[in-house]
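To start, the structure itself, in C-alpha cells.
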Amino acid sequence: MPNQAAAAVGKPLAGRRPNIIMILSDDQGYGDLGRNGNPLLKTPNLDKMYDESIHFEDFHVSPACSPTRASLMSGKHEFKNGVTHTIYERERMSLKSTTIAQVLKSAGYATGIFGKWHLGDEDAYQPDKRGFDEVFIHGCGGIGQTQEGSGGDVNGNSYFNPVVKHNGRFEKTAGYCTDVFFQQALKWLESVKGQQPFFVYLPTNAAHWPLVVPDKYKNMYAGKVSDSEACFFGMIANIDENVGKLLAKLQDLGIDDNTLVVFSNDNGGLDGCKLFNAGMRGCKLTASNGGTRAMSLWRWPGTIQPAACNKLTAHLDLFPTFAALAAAKLPEKLASQLDGFSLLPLLENPQAQWHDDRMLFTHAGRWGKGSEPQPHGPCSVRWQQYLQVWEKGRWCLYDLKADPGETTDLAANQKGIVGKLDEAYDAWWAAVLPCLDNEQAWKTAPKINPYKEQYRHQCSESTPPTKP
C-alpha cells in the first residue's frame with residue numbers, strides 16, 4: 001500500500017495551474033473497485049491509478065446523481081442550488097449558482113464537458129450557459145430517458161451509437177457511449193493543449209441502468225453472477241479500460257506531469273452491493289455510509305505522491321480546490337457561500353490538521369411532486385467518527401470507526417452527541433429551506449421536452465445528425 005508520508009513534492013500547489021480532468025462514474029459504488037476489496041470485479045487501470053494517487057478514504061457525495069453534480073459544480077450543498085430530486089424540474093441547478101467551470105474559464109482555462117449533465121435540459125440551464133466552452137452531452141438523467149416535464153433525451157436514443165448534443169447541434173456517434181465520451185474528450189483536449197490549461201469534466205452515463213454493454217465486457221462475468229450484474233460489472237470494466245487509455249494518452253502527448261486527474265463516483269453503489277459493499281450498510285438513495293461514501297483518487301505524477309488520507313472530505317471540496325489550483329480569484333460573496341474547503345493542505349500532506357470539526361449533512365430529498373419539503377426522511381449528519389441517521393421516526397447514532405456496518409445504535413447512551421447533531425441539523429434545514437426554489441417548477445414545466453423539440457426541428461431542416 002502507498003505510504004503515509006507527506007504527499008506533495010516541491011513547491012506549494014496553490015496557483016500551479018495544471019490541466020484538470022474530472023471523471024465521474026454513475027452508480028458505481030465505493031466497493032466496485034478492485035483496490036477496495038471487491039472479490040470479483042477486475043479494475044486494473046483504476047487500481048494502478050489508485051496506487052499512483054492520493055486516495056481519500058472518508059470521502060462523501062450525495063445519495064443520487066443530480067444532487068452530487070450540483071454540489072460538485074457549485075461547492076454548495078445541492079439543496080442550496082434548489083436541487084432536491086432527479087426529476088420534476090427539481091434537478092435544475094439554480095441560475096443563481098456559479099459553477100466551477102465559470103470560475104476556471106474566468107481564470108483562463110478552456111472548459112469541456114463530455115457525457116451526463118443532468119442539471120437542467122432547458123436552454124438556460126445547459127452547460128454552454130454555465131461556463132463550458134465545449135459541450136458534448138446527452139439529455140435527461142440517462143441516454144434515451146424521458147421524464148415528466150423538461151427532462152428527456154432524444155427519442156429512442158441508445159447506449160450504442162448515441163445521438164449527442166454537440167455545441168448546440170445533434171450528432172450521431174458510432175460506438176458504445178462510454179467509449180464515445182472518452183474519445184471525444186481526448187480529441188478535444190489534444191486540440192487545446194499547450195494553448196491554455198484545460199478543464200475536462202467527464203461524467204459517464206455508465207454504469208447506470210439500463211445495464212447494457214458490449215458482449216466482450218459482459219462475458220468477463222457471465223456465469224459468475226446474474227445476467228444484470230454481469231452487464232453492470234462489464235460497464236465498469238469498460239470505464240476502467242477507458243481510464244487506462246486516457247492516462248496513456250496523456251503520456252503520449254507529453255502532458256502527464258502537468259495534468260491532475262481525479263476519479264470519483266456519484267453516489268453509493270447499487271447493482272454491485274449485493275456482492276460486495278466494503279462492509280457498509282446502505283446504498284444509493286440512503287443516508288447511511290453506503291449511500292454516500294465514494295472513491296476519490298487524485299493523480300498528478302511528480303507533484304502528488306501516493307498516499308491514503310482519512311480526513312472527512314466531500315464533493316463540496318472540489319470547487320475550492322480547483323479554484324485554488326487555478327489561482328482563480330473568488331468574489332468575497334461567492335467564497336462565503338461555499339460549503340466545501342480546499343483540499344490543497346491534504347494533497348500536500350494527508351496528515352495535516354484540516355477542519356477536523358466539520359459536519360456533513362445528507363438528505364435524499366425526493367419527496368412527492370407537489371408535497372411540502374420534508375425536514376426528515378432519508379437524512380443524516382456526519383461528524384468526526386459519528387453518523388447520526390434518521391430511522392423509524394428518530395435519530396440513531398453510530399460510531400463508524402468501531403462499527404462501520406452501523407449495527408449498534410448508541411443514541412440512548414450518547415444523548416449529548418445526539419442533541420448536538422440534532423441542533424446542527426435543524427439550523428442547517430432552516431438555512432436551506434429558502435433555497436428550494438424548484439419545488440413548484442413542475443407547474444410551469446414546458447409541455448414539449450426541449451431536447452426532443454430541438455432534435456425534431458433540426459431533423460425538419462433536412463440536416464439529420466452526422467458523426468462528429
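Residues in the C-alpha cells are named by chain (A, B, ... in the order shown) and by number from 1 within that chain; ligands are numbered from 1 in the order shown.
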
Item to check | Residue set, range 13-238 of chain A restricted to strand (DSSP E or B), as a PyMOL selection string | outcome: chain A and resi 19-25+54-60+110-116+134-138+146+152+160+163-166+169-172+176+198-203+222+225

For the contact check between range 34-102 of chain A and range 434-444 of chain A, emit one row per residue of range 34-102 of chain A within 6 Å, containing the shortest atom pair and the distance in Å rounded to one decimal, counting only C-alpha atoms, chain then rising number order, as JSON lines.
{"residue": "A:Lys80", "atom": "CA", "partner": "A:Cys435", "partner_atom": "CA", "distance": 5.1}
{"residue": "A:Gly82", "atom": "CA", "partner": "A:Leu436", "partner_atom": "CA", "distance": 4.4}
{"residue": "A:Tyr88", "atom": "CA", "partner": "A:Trp442", "partner_atom": "CA", "distance": 5.5}
{"residue": "A:Glu89", "atom": "CA", "partner": "A:Trp442", "partner_atom": "CA", "distance": 5.7}
{"residue": "A:Arg90", "atom": "CA", "partner": "A:Asn438", "partner_atom": "CA", "distance": 5.2}

Those selected residues, please, written with N, CA and C atoms and delivered as an mmCIF file, in the first residue's frame.
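Listing of result.cif after writing:
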data_model
loop_
_atom_site.group_PDB
_atom_site.id
_atom_site.type_symbol
_atom_site.label_atom_id
_atom_site.label_comp_id
_atom_site.auth_asym_id
_atom_site.auth_seq_id
_atom_site.Cartn_x
_atom_site.Cartn_y
_atom_site.Cartn_z
ATOM 1 N N LYS A 80 -28.978 24.004 -1.578
ATOM 2 C CA LYS A 80 -28.706 25.429 -1.761
ATOM 3 C C LYS A 80 -28.689 25.820 -3.237
ATOM 4 N N GLY A 82 -31.149 24.462 -5.111
ATOM 5 C CA GLY A 82 -32.513 24.136 -5.481
ATOM 6 C C GLY A 82 -32.704 22.721 -5.973
ATOM 7 N N TYR A 88 -38.905 16.100 -12.106
ATOM 8 C CA TYR A 88 -39.911 17.096 -11.724
ATOM 9 C C TYR A 88 -39.374 18.529 -11.736
ATOM 10 N N GLU A 89 -38.407 18.833 -12.543
ATOM 11 C CA GLU A 89 -37.751 20.149 -12.606
ATOM 12 C C GLU A 89 -36.898 20.423 -11.360
ATOM 13 N N ARG A 90 -36.876 19.482 -10.442
ATOM 14 C CA ARG A 90 -36.110 19.686 -9.207
ATOM 15 C C ARG A 90 -34.659 19.241 -9.362
#

Item to check | Leu400 in chain A surroundings by only C-alpha atoms, 6 Å radius, close-in-sequence under 4 positions cut, as number ranges by chain | outcome: A: 385-386, 404

How would the residues just chosen look if you wrote them out with N, CA and C atoms as a short mmCIF file (atom, residue, chain, number, x, y, z; two decimals), in the first residue's frame?
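Result saved to selection.cif:
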data_model
loop_
_atom_site.label_atom_id
_atom_site.label_comp_id
_atom_site.auth_asym_id
_atom_site.auth_seq_id
_atom_site.Cartn_x
_atom_site.Cartn_y
_atom_site.Cartn_z
N GLN A 385 -16.16 10.65 13.90
CA GLN A 385 -16.41 9.25 13.53
C GLN A 385 -17.88 8.88 13.62
N TYR A 386 -18.73 9.84 13.96
CA TYR A 386 -20.14 9.53 14.21
C TYR A 386 -21.02 9.82 12.99
N PRO A 404 -18.36 0.01 11.50
CA PRO A 404 -18.57 0.52 10.14
C PRO A 404 -19.84 0.01 9.47
#

Name the residues in contact with Trp367 in chain A at a cut-off of 10 Å, using only C-alpha atoms, excluding same-chain residues fewer than 4 positions from it; report them as a PDB file with C-alpha atoms, in the first residue's frame.
ATOM      1  CA  THR A  84     -33.869  18.113  -4.309  1.00  0.00           C
ATOM      2  CA  HIS A  85     -34.603  15.359  -6.833  1.00  0.00           C
ATOM      3  CA  SER A 371     -45.530  17.902  -1.454  1.00  0.00           C
ATOM      4  CA  GLU A 372     -44.047  20.265   1.072  1.00  0.00           C
ATOM      5  CA  PRO A 373     -40.311  19.755   1.711  1.00  0.00           C
ATOM      6  CA  GLN A 374     -39.840  17.198   4.447  1.00  0.00           C
ATOM      7  CA  GLY A 377     -36.702  11.152   5.981  1.00  0.00           C
ATOM      8  CA  GLU A 439     -40.357  22.944  -5.683  1.00  0.00           C
TER       9      GLU A 439
END

Checklist entry - Which neighbours of Gly112 in chain A fall inside 6 Å, counting only C-alpha atoms, when residues of the same chain fewer than 5 positions from it are skipped, and could you give them as a PyMOL selection string? => result chain A and resi 132-135+200

Let me see the file: selected residues, N, CA and C atoms, as a CSV table (one decimal), in the first residue's frame.
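What ended up in result03.csv:
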chain,number,residue,atom,x,y,z
A,132,PHE,N,-19.1,26.2,-19.8
A,132,PHE,CA,-18.4,25.3,-20.7
A,132,PHE,C,-18.2,25.7,-22.1
A,133,ASP,N,-17.0,25.7,-22.6
A,133,ASP,CA,-16.7,26.1,-24.0
A,133,ASP,C,-17.2,25.0,-24.9
A,134,GLU,N,-16.8,23.8,-24.6
A,134,GLU,CA,-17.1,22.6,-25.4
A,134,GLU,C,-18.1,21.7,-24.7
A,135,VAL,N,-19.2,21.4,-25.4
A,135,VAL,CA,-20.3,20.6,-24.8
A,135,VAL,C,-20.7,19.5,-25.7
A,200,VAL,N,-11.4,19.3,-18.2
A,200,VAL,CA,-12.2,18.3,-18.8
A,200,VAL,C,-13.1,17.7,-17.7

Checklist entry - Which residues, written as a PyMOL selection string, have at least one atom at most 9 Å from Phe160 in chain A, with only C-alpha atoms counted and residues fewer than 2 positions away on the same chain left out? => result chain A and resi 157-158+162+173-177+212-214

Those residues with N, CA and C atoms, as a tab-separated table (two decimals), in the first residue's frame please?
chain	number	residue	atom	x	y	z
A	157	ASN	N	-33.05	6.99	-28.13
A	157	ASN	CA	-31.59	7.02	-28.05
A	157	ASN	C	-31.07	5.78	-27.32
A	158	SER	N	-29.86	5.37	-27.64
A	158	SER	CA	-29.31	4.11	-27.14
A	158	SER	C	-27.89	4.30	-26.66
A	162	PRO	N	-25.01	6.51	-29.74
A	162	PRO	CA	-25.98	7.51	-29.28
A	162	PRO	C	-25.92	8.80	-30.08
A	173	THR	N	-23.33	9.42	-33.24
A	173	THR	CA	-21.99	8.91	-33.00
A	173	THR	C	-21.92	7.43	-33.35
A	174	ALA	N	-20.72	6.90	-33.34
A	174	ALA	CA	-20.52	5.48	-33.64
A	174	ALA	C	-19.75	4.85	-32.49
A	175	GLY	N	-20.34	3.84	-31.85
A	175	GLY	CA	-19.66	3.16	-30.77
A	175	GLY	C	-20.47	3.15	-29.48
A	176	TYR	N	-19.90	2.55	-28.46
A	176	TYR	CA	-20.53	2.47	-27.16
A	176	TYR	C	-20.36	3.81	-26.44
A	177	CYS	N	-21.37	4.23	-25.68
A	177	CYS	CA	-21.42	5.60	-25.15
A	177	CYS	C	-20.17	5.99	-24.37
A	212	VAL	N	-26.48	-2.24	-20.18
A	212	VAL	CA	-26.11	-2.76	-21.49
A	212	VAL	C	-24.66	-2.40	-21.75
A	213	VAL	N	-23.95	-3.34	-22.40
A	213	VAL	CA	-22.52	-3.16	-22.63
A	213	VAL	C	-22.11	-4.12	-23.74
A	214	PRO	N	-21.07	-3.82	-24.50
A	214	PRO	CA	-20.61	-4.80	-25.49
A	214	PRO	C	-20.33	-6.16	-24.86

Next on the checklist: Taking only range 114-348 of chain A into account, list the residues labelled alpha helix (DSSP H) by DSSP (computed from the backbone), as number ranges by chain.
Outcome noted: A: 177-192, 215-218, 227-252, 289-292, 318-325, 332-337, 344-348

Next on the checklist: as a VMD selection string, please: the residues near Gln147 in chain A (cut-off 10 Å, only C-alpha atoms, same-chain neighbours under 6 positions excluded).
Outcome noted: chain A and resid 86 to 89 140 to 141 153 449

Item to check | Selected residue, from A:Ala110, A:Met235, A:Ser66, A:Val381, that lies nearest to Leu189 in chain A when counting only C-alpha atoms | outcome: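 Using only C-alpha atoms, the shortest distance to Leu189 in chain A belongs to A:Ala110.
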
Checklist entry - Which of these residues is nearest to Lys447 in chain A, using only C-alpha atoms: A:Glu122, A:Cys459, A:Val389, A:Gly302? => result A:Glu122

Next on the checklist: Which residue is closest to Asn81 in chain A? Choose from A:Ser226, A:Thr286, A:Thr68, A:Ser97 and count only C-alpha atoms.
Outcome noted: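 Closest to Asn81 in chain A, using only C-alpha atoms: A:Ser97.
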
Next on the checklist: When you count only C-alpha atoms, which of these residues is closest to Leu343 in chain A: A:Gly131, A:Ile54, A:Asp27, A:Leu397?
Outcome noted: A:Ile54

Counting only C-alpha atoms, which residues of range 356-465 of chain A fall within 9 Å of range 73-77 of chain A, and what is the closest atom pair for each with its distance in Å at one decimal, ordered by chain and rising number, as a Markdown table?
| residue | atom | partner | partner_atom | distance |
| --- | --- | --- | --- | --- |
| A:Phe361 | CA | A:His77 | CA | 8.3 |
| A:Thr362 | CA | A:His77 | CA | 8.8 |
| A:Val432 | CA | A:His77 | CA | 8.6 |
